[in-house]
Amino acid sequence: MTRELLPTATPARTRAAVLQAVRPHRRTAVAGFGLLIVATSVGLLIQPLLGHIVDLVAGREQAAALVVPAALLVLVGLVQGALTAWGLTLVARLGETALADLRERFVERVLALPLDRAERAGSGDLTSRVTGDVARVAEAVRSALPALARSLLSIVLTLGALALLDWRFLVAALLAVPVQVHTARWYVRNAVPLYAAQRVATGEQQQQLLDTIAGASTVRAFRAESEHLERVAGRSRAAVELTMRGVRLMLGFYSRLHVAEYAGLAAVLAVGVLLVRDGSATIGTATAAALYFHNLFGPINTALALLDDAQAATASLARVVGVADAAPADAAPAIRQQEGGGVSVRGLAHAYEPGDPVLHGVDLDIRPGERVALVGASGAGKTTLAKLVAGVHEPTAGTVETPPGVAMVTQEVHVFAGPLADDLRLARPDATDDELCAALATVDALAWAEELPDGLATVVGEGGHRLTGAQRQQLALARLVLADPAVAVLDEATAEAGSVGARLLERAVERAVDGRTALIVAHRLTQAAAADSVVVMEDGRVVERGSHADLRAAGGRYAAHWSAWTDHRQDA
């Protein structure tokens, strides 16, 4: 299957998404940034007070004259600290709230993605967005956003304060700006594509790791460890090389900033000497100007250095917004709803890759309440047909008509971490404990559920009580009972259980689908024997259909399957 990465938002769309997330919290934004402006303005009184103290000392004033400016310095520090803490708290709250909204939309869209779209992207791409990209954006919101806001305010207000001292100090300070602007543009021009490529490389690295780990048994069976290790190493080397390019970029970035700092400070000091010499300014004023410019080092370097975090976070944010903006999985035009509880399939064809169809013109009718078993060799198209009926995939051609409410249970069952009751309520959030117990009893799972350490409150899933394969399948069937769909599609739901477990699960399946229209991909032909009708598939086509008894008597493909199945069971 050809990889097709999930969408990435354009820069314009990413900015629009940020504004959209902030818009409902305008009051918090105004209050937070307003407090930071006031706090920064109050802090700018420190340099003139220090300059005044320098003038008092230079004028050989008495020590008592220093008491008032010294006390004012303490007061300014306390007020600035309090206002800054308050303002940063509001800015952080703004960022976290906006991020929470974006996360919710992101998760909503991820859950709504069509399965085939997620499969084409690969689990590595989706995993890297869910983990690395979201974490990077969150870190930027928690640390970079407040620091950047404070730094930019300090820069603007400090330049204004320099102008108030003397416009010539401002001109001298601005001599550093061309170097800083050129440095910032050079950095952004190189950093944007670098970090975007780095995020893609990380996703590809994770994809290769996941593929290798998931297929570890197959890799060992074919002695292909060296080949797969080389693939992992190759993807890792690509990611490391991009990281090292980022390090070299940062070193060049900081070296250029130091040139700007020294040039600007030298210019401000030179202007100060000239102004003091001709009497246009006092030593204290020149000192205040030099302190103002020196204090710009921190905010300017912080703001420019945060370009690194900002570019990395922007690249990650674009990947998150790209998924968050993805259209939810609407019903495909070829998948329609009809009245009643039956299923109608007409001219159904499907290809995972263009030009390589796996289904060819399948026609199938399932009466309301009928239980149909799909039988065939591996690769016959059974699972694909089941997924198309369930609405997991959109057919390449043809139509599928089903009643509202179709649920699918596969052999791969995920147990969510948390209490067993919460896991069951995923199918029906408002279900009572009695209804949960009734669903478990329907699939013969109530006995072991009640024997768990805390009953329905027992934590299962990752980090909790481990369930056996048969118990996980019973849990999935209990969810099916709670969801109460009109049509149930089961894809080899008993395949991974042993002989004893399979018989238990087959009984559970019979009870779970009782009274429903059911399409069952039969791994064990005992399921086919118990079905109302059997459909035999071969090479993506329906080649036989009838009851178990009729097909056995016909001596065709199903009879051959049944003979091989029974011979295998006797040999076993």
# chains A, B, ... in the order shown; residues from 1 in each chain; ligands from 1

call {"tool": "residues_around", "arguments": {"residues": "Ala172 (chain A)", "least_positions_apart": "2", "cutoff": "6 Å", "atoms": "only C-alpha atoms", "output": "PyMOL selection string"}}
result
chain A and resi 169-170+174-175+267-268

call {"tool": "write_last_selection", "arguments": {"atoms": "N, CA, C and O atoms", "output": "mmCIF file, in the first residue's frame"}}
result
data_model
loop_
_atom_site.group_PDB
_atom_site.id
_atom_site.type_symbol
_atom_site.label_atom_id
_atom_site.label_comp_id
_atom_site.auth_asym_id
_atom_site.auth_seq_id
_atom_site.Cartn_x
_atom_site.Cartn_y
_atom_site.Cartn_z
ATOM 1 N N PHE A 169 20.388 58.153 21.664
ATOM 2 C CA PHE A 169 20.624 56.823 22.237
ATOM 3 C C PHE A 169 19.846 55.762 21.464
ATOM 4 O O PHE A 169 20.331 54.657 21.219
ATOM 5 N N LEU A 170 18.612 56.112 21.075
ATOM 6 C CA LEU A 170 17.794 55.164 20.327
ATOM 7 C C LEU A 170 18.428 54.858 18.967
ATOM 8 O O LEU A 170 18.487 53.700 18.539
ATOM 9 N N LEU A 174 19.700 51.254 17.599
ATOM 10 C CA LEU A 174 19.122 50.641 16.405
ATOM 11 C C LEU A 174 20.170 50.189 15.394
ATOM 12 O O LEU A 174 19.837 49.512 14.412
ATOM 13 N N LEU A 175 21.443 50.545 15.616
ATOM 14 C CA LEU A 175 22.491 50.072 14.721
ATOM 15 C C LEU A 175 22.620 48.548 14.762
ATOM 16 O O LEU A 175 23.117 47.943 13.807
ATOM 17 N N ALA A 267 28.108 51.440 20.274
ATOM 18 C CA ALA A 267 27.516 52.671 19.739
ATOM 19 C C ALA A 267 26.843 53.483 20.838
ATOM 20 O O ALA A 267 26.979 54.721 20.895
ATOM 21 N N VAL A 268 26.103 52.827 21.745
ATOM 22 C CA VAL A 268 25.420 53.542 22.837
ATOM 23 C C VAL A 268 26.436 54.182 23.778
ATOM 24 O O VAL A 268 26.280 55.342 24.216
#

call {"tool": "select_by_dssp", "arguments": {"residues": "region 391-540 of chain A", "states": "alpha helix (DSSP H)", "output": "PyMOL selection string"}}
result
chain A and resi 420-424+433-442+446-450+469-483+499-512+525-530

call {"tool": "closest_residue", "arguments": {"among": "A:Leu490, A:Ala431, A:Ala351, A:Ala531", "to": "Glu370 (chain A)", "atoms": "only C-alpha atoms"}}
result
A:Ala531

call {"tool": "residues_around", "arguments": {"residues": "region 58-69 of chain A", "least_positions_apart": "5", "cutoff": "12 Å", "atoms": "only C-alpha atoms", "output": "ChimeraX atom specification"}}
result
/A:45-53,74-76,282-284,287

call {"tool": "write_last_selection", "arguments": {"atoms": "N, CA and C atoms", "output": "mmCIF file, in the first residue's frame"}}
result
data_model
loop_
_atom_site.group_PDB
_atom_site.id
_atom_site.type_symbol
_atom_site.label_atom_id
_atom_site.label_comp_id
_atom_site.auth_asym_id
_atom_site.auth_seq_id
_atom_site.Cartn_x
_atom_site.Cartn_y
_atom_site.Cartn_z
ATOM 1 N N LEU A 45 11.579 51.756 35.289
ATOM 2 C CA LEU A 45 11.979 52.819 36.218
ATOM 3 C C LEU A 45 13.295 52.499 36.914
ATOM 4 N N ILE A 46 13.725 51.249 36.852
ATOM 5 C CA ILE A 46 14.939 50.844 37.561
ATOM 6 C C ILE A 46 16.167 51.572 37.001
ATOM 7 N N GLN A 47 16.311 51.626 35.672
ATOM 8 C CA GLN A 47 17.497 52.237 35.071
ATOM 9 C C GLN A 47 17.616 53.738 35.396
ATOM 10 N N PRO A 48 16.521 54.521 35.265
ATOM 11 C CA PRO A 48 16.633 55.939 35.669
ATOM 12 C C PRO A 48 16.969 56.102 37.152
ATOM 13 N N LEU A 49 16.413 55.236 38.003
ATOM 14 C CA LEU A 49 16.734 55.334 39.424
ATOM 15 C C LEU A 49 18.212 55.043 39.678
ATOM 16 N N LEU A 50 18.739 54.023 38.972
ATOM 17 C CA LEU A 50 20.166 53.736 39.115
ATOM 18 C C LEU A 50 21.001 54.893 38.569
ATOM 19 N N GLY A 51 20.564 55.477 37.450
ATOM 20 C CA GLY A 51 21.276 56.641 36.902
ATOM 21 C C GLY A 51 21.251 57.807 37.879
ATOM 22 N N HIS A 52 20.104 57.991 38.537
ATOM 23 C CA HIS A 52 20.000 59.065 39.537
ATOM 24 C C HIS A 52 20.966 58.822 40.680
ATOM 25 N N ILE A 53 21.074 57.570 41.112
ATOM 26 C CA ILE A 53 22.010 57.253 42.178
ATOM 27 C C ILE A 53 23.442 57.544 41.737
ATOM 28 N N VAL A 74 13.510 49.089 45.544
ATOM 29 C CA VAL A 74 12.904 47.912 46.165
ATOM 30 C C VAL A 74 11.415 47.838 45.833
ATOM 31 N N LEU A 75 10.747 48.999 45.942
ATOM 32 C CA LEU A 75 9.307 49.023 45.658
ATOM 33 C C LEU A 75 9.035 48.646 44.200
ATOM 34 N N VAL A 76 9.827 49.191 43.282
ATOM 35 C CA VAL A 76 9.649 48.881 41.861
ATOM 36 C C VAL A 76 9.834 47.385 41.617
ATOM 37 N N THR A 282 23.775 63.876 31.559
ATOM 38 C CA THR A 282 24.585 63.626 32.756
ATOM 39 C C THR A 282 25.170 62.213 32.671
ATOM 40 N N ILE A 283 26.105 61.967 33.580
ATOM 41 C CA ILE A 283 26.683 60.623 33.645
ATOM 42 C C ILE A 283 25.598 59.613 33.994
ATOM 43 N N GLY A 284 24.678 60.018 34.854
ATOM 44 C CA GLY A 284 23.589 59.121 35.246
ATOM 45 C C GLY A 284 22.689 58.772 34.065
ATOM 46 N N THR A 287 24.508 56.405 31.911
ATOM 47 C CA THR A 287 24.508 55.098 32.579
ATOM 48 C C THR A 287 23.170 54.400 32.378
#

call {"tool": "residues_around", "arguments": {"residues": "Leu159 (chain A)", "least_positions_apart": "6", "cutoff": "10 Å", "atoms": "only C-alpha atoms", "output": "PyMOL selection string"}}
result
chain A and resi 167+169-171+173-174+289+292-293+296

call {"tool": "write_last_selection", "arguments": {"atoms": "N, CA and C atoms", "output": "PDB file, in the first residue's frame"}}
result
ATOM      1  N   TRP A 167      16.972  60.949  21.855  1.00  0.00           N
ATOM      2  CA  TRP A 167      16.724  60.218  20.620  1.00  0.00           C
ATOM      3  C   TRP A 167      17.992  59.637  20.026  1.00  0.00           C
ATOM      4  N   PHE A 169      20.388  58.153  21.664  1.00  0.00           N
ATOM      5  CA  PHE A 169      20.624  56.823  22.237  1.00  0.00           C
ATOM      6  C   PHE A 169      19.846  55.762  21.464  1.00  0.00           C
ATOM      7  N   LEU A 170      18.612  56.112  21.075  1.00  0.00           N
ATOM      8  CA  LEU A 170      17.794  55.164  20.327  1.00  0.00           C
ATOM      9  C   LEU A 170      18.428  54.858  18.967  1.00  0.00           C
ATOM     10  N   VAL A 171      18.923  55.908  18.296  1.00  0.00           N
ATOM     11  CA  VAL A 171      19.553  55.703  16.993  1.00  0.00           C
ATOM     12  C   VAL A 171      20.762  54.781  17.127  1.00  0.00           C
ATOM     13  N   ALA A 173      21.289  52.541  19.424  1.00  0.00           N
ATOM     14  CA  ALA A 173      20.838  51.175  19.731  1.00  0.00           C
ATOM     15  C   ALA A 173      20.323  50.461  18.486  1.00  0.00           C
ATOM     16  N   LEU A 174      19.700  51.254  17.599  1.00  0.00           N
ATOM     17  CA  LEU A 174      19.122  50.641  16.405  1.00  0.00           C
ATOM     18  C   LEU A 174      20.170  50.189  15.394  1.00  0.00           C
ATOM     19  N   ALA A 289      21.100  54.834  29.935  1.00  0.00           N
ATOM     20  CA  ALA A 289      20.993  54.400  28.534  1.00  0.00           C
ATOM     21  C   ALA A 289      21.761  53.108  28.303  1.00  0.00           C
ATOM     22  N   TYR A 292      19.884  50.304  29.862  1.00  0.00           N
ATOM     23  CA  TYR A 292      18.721  49.941  29.041  1.00  0.00           C
ATOM     24  C   TYR A 292      19.140  49.016  27.897  1.00  0.00           C
ATOM     25  N   PHE A 293      20.217  49.442  27.181  1.00  0.00           N
ATOM     26  CA  PHE A 293      20.635  48.619  26.055  1.00  0.00           C
ATOM     27  C   PHE A 293      21.153  47.259  26.530  1.00  0.00           C
ATOM     28  N   LEU A 296      18.531  44.948  27.119  1.00  0.00           N
ATOM     29  CA  LEU A 296      17.884  44.429  25.916  1.00  0.00           C
ATOM     30  C   LEU A 296      18.489  43.101  25.465  1.00  0.00           C
TER      31      LEU A 296
END

call {"tool": "atom_distance", "arguments": {"atom1": "CA of Thr402 (chain A)", "atom2": "CA of Val362 (chain A)"}}
result
15.4 Å

call {"tool": "closest_residue", "arguments": {"among": "A:Asp166, A:Glu544, A:Glu450, A:Asp567", "to": "Gly376 (chain A)", "atoms": "only C-alpha atoms"}}
result
A:Glu544

call {"tool": "closest_residue", "arguments": {"among": "A:Arg256, A:Arg277, A:Arg346, A:Arg524", "to": "Gly361 (chain A)", "atoms": "only C-alpha atoms"}}
result
A:Arg346

call {"tool": "residues_around", "arguments": {"residues": "Ala21 (chain A)", "least_positions_apart": "6", "cutoff": "9 Å", "atoms": "only C-alpha atoms", "output": "tab-separated table (two decimals) with all heavy atoms, in the first residue's frame"}}
result
chain	number	residue	atom	x	y	z
A	97	THR	N	-5.66	26.78	27.77
A	97	THR	CA	-7.06	26.63	27.39
A	97	THR	C	-7.20	26.48	25.88
A	97	THR	O	-7.95	25.62	25.39
A	97	THR	CB	-7.87	27.85	27.87
A	97	THR	OG1	-7.69	28.02	29.28
A	97	THR	CG2	-9.35	27.65	27.59
A	98	ALA	N	-6.48	27.33	25.14
A	98	ALA	CA	-6.53	27.23	23.68
A	98	ALA	C	-5.98	25.89	23.20
A	98	ALA	O	-6.52	25.27	22.28
A	98	ALA	CB	-5.75	28.38	23.06
A	99	LEU	N	-4.90	25.44	23.85
A	99	LEU	CA	-4.32	24.15	23.48
A	99	LEU	C	-5.29	23.01	23.77
A	99	LEU	O	-5.39	22.05	22.99
A	99	LEU	CB	-3.01	23.93	24.23
A	99	LEU	CG	-2.30	22.60	23.98
A	99	LEU	CD1	-1.93	22.46	22.52
A	99	LEU	CD2	-1.07	22.47	24.87
A	101	ASP	N	-8.53	23.14	23.70
A	101	ASP	CA	-9.55	23.14	22.64
A	101	ASP	C	-9.02	22.49	21.37
A	101	ASP	O	-9.73	21.70	20.72
A	101	ASP	CB	-10.00	24.58	22.35
A	101	ASP	CG	-10.73	25.23	23.52
A	101	ASP	OD1	-11.19	24.47	24.40
A	101	ASP	OD2	-10.82	26.46	23.57
A	102	LEU	N	-7.77	22.83	21.02
A	102	LEU	CA	-7.17	22.26	19.82
A	102	LEU	C	-6.99	20.75	19.97
A	102	LEU	O	-7.23	19.99	19.03
A	102	LEU	CB	-5.84	22.93	19.53
A	102	LEU	CG	-5.07	22.42	18.29
A	102	LEU	CD1	-5.90	22.63	17.03
A	102	LEU	CD2	-3.72	23.13	18.18

call {"tool": "select_by_dssp", "arguments": {"residues": "region 196-370 of chain A", "states": "strand (DSSP E)", "output": "number ranges by chain"}}
result
A: 335-337, 343-353, 356-366

call {"tool": "residues_around", "arguments": {"residues": "Ile520 (chain A)", "least_positions_apart": "3", "cutoff": "9 Å", "atoms": "only C-alpha atoms", "output": "PyMOL selection string"}}
result
chain A and resi 371-375+386+488-493+527-528+531

call {"tool": "write_last_selection", "arguments": {"atoms": "N, CA and C atoms", "output": "JSON list (two decimals), in the first residue's frame"}}
result
[["chain", "number", "residue", "atom", "x", "y", "z"],
["A", 371, "ARG", "N", -28.27, -14.94, 9.51],
["A", 371, "ARG", "CA", -26.87, -15.08, 9.90],
["A", 371, "ARG", "C", -26.12, -15.72, 8.74],
["A", 372, "VAL", "N", -25.20, -14.95, 8.13],
["A", 372, "VAL", "CA", -24.47, -15.41, 6.95],
["A", 372, "VAL", "C", -23.00, -15.57, 7.31],
["A", 373, "ALA", "N", -22.41, -16.70, 6.95],
["A", 373, "ALA", "CA", -20.99, -16.96, 7.19],
["A", 373, "ALA", "C", -20.22, -16.81, 5.88],
["A", 374, "LEU", "N", -19.10, -16.08, 5.94],
["A", 374, "LEU", "CA", -18.20, -15.94, 4.79],
["A", 374, "LEU", "C", -17.08, -16.95, 4.93],
["A", 375, "VAL", "N", -16.88, -17.77, 3.91],
["A", 375, "VAL", "CA", -15.89, -18.83, 3.93],
["A", 375, "VAL", "C", -15.00, -18.69, 2.71],
["A", 386, "ALA", "N", -16.28, -7.76, 4.43],
["A", 386, "ALA", "CA", -16.84, -7.47, 5.75],
["A", 386, "ALA", "C", -16.62, -6.00, 6.12],
["A", 488, "ALA", "N", -24.58, -6.87, 12.74],
["A", 488, "ALA", "CA", -23.30, -7.19, 13.38],
["A", 488, "ALA", "C", -22.39, -7.84, 12.35],
["A", 489, "VAL", "N", -21.17, -7.31, 12.24],
["A", 489, "VAL", "CA", -20.16, -7.87, 11.34],
["A", 489, "VAL", "C", -19.02, -8.38, 12.21],
["A", 490, "LEU", "N", -18.72, -9.67, 12.09],
["A", 490, "LEU", "CA", -17.66, -10.28, 12.90],
["A", 490, "LEU", "C", -16.59, -10.83, 11.99],
["A", 491, "ASP", "N", -15.36, -10.35, 12.18],
["A", 491, "ASP", "CA", -14.24, -10.78, 11.34],
["A", 491, "ASP", "C", -13.33, -11.69, 12.15],
["A", 492, "GLU", "N", -13.54, -13.01, 12.02],
["A", 492, "GLU", "CA", -12.72, -14.02, 12.67],
["A", 492, "GLU", "C", -12.57, -13.73, 14.17],
["A", 493, "ALA", "N", -13.70, -13.46, 14.81],
["A", 493, "ALA", "CA", -13.68, -13.06, 16.22],
["A", 493, "ALA", "C", -13.28, -14.18, 17.16],
["A", 527, "GLN", "N", -18.64, -22.49, 12.75],
["A", 527, "GLN", "CA", -19.47, -21.29, 12.68],
["A", 527, "GLN", "C", -20.30, -21.29, 11.41],
["A", 528, "ALA", "N", -19.70, -21.73, 10.32],
["A", 528, "ALA", "CA", -20.45, -21.80, 9.06],
["A", 528, "ALA", "C", -21.58, -22.81, 9.16],
["A", 531, "ALA", "N", -24.56, -21.33, 10.78],
["A", 531, "ALA", "CA", -25.16, -20.15, 10.14],
["A", 531, "ALA", "C", -26.39, -20.53, 9.32]]

call {"tool": "residues_around", "arguments": {"residues": "Leu242 (chain A)", "least_positions_apart": "4", "cutoff": "7 Å", "atoms": "only C-alpha atoms", "output": "list of chain:residue names"}}
result
A:Gln198, A:Ala238, A:Gly246

call {"tool": "write_last_selection", "arguments": {"atoms": "N, CA and C atoms", "output": "PDB file, in the first residue's frame"}}
result
ATOM      1  N   GLN A 198      12.436  17.385   9.638  1.00  0.00           N
ATOM      2  CA  GLN A 198      12.794  16.619  10.831  1.00  0.00           C
ATOM      3  C   GLN A 198      11.583  15.892  11.402  1.00  0.00           C
ATOM      4  N   ALA A 238      19.062   9.272   9.257  1.00  0.00           N
ATOM      5  CA  ALA A 238      18.452  10.423   8.587  1.00  0.00           C
ATOM      6  C   ALA A 238      17.914  11.415   9.617  1.00  0.00           C
ATOM      7  N   GLY A 246      20.318  21.052  12.592  1.00  0.00           N
ATOM      8  CA  GLY A 246      19.678  22.037  13.456  1.00  0.00           C
ATOM      9  C   GLY A 246      20.636  22.608  14.481  1.00  0.00           C
TER      10      GLY A 246
END
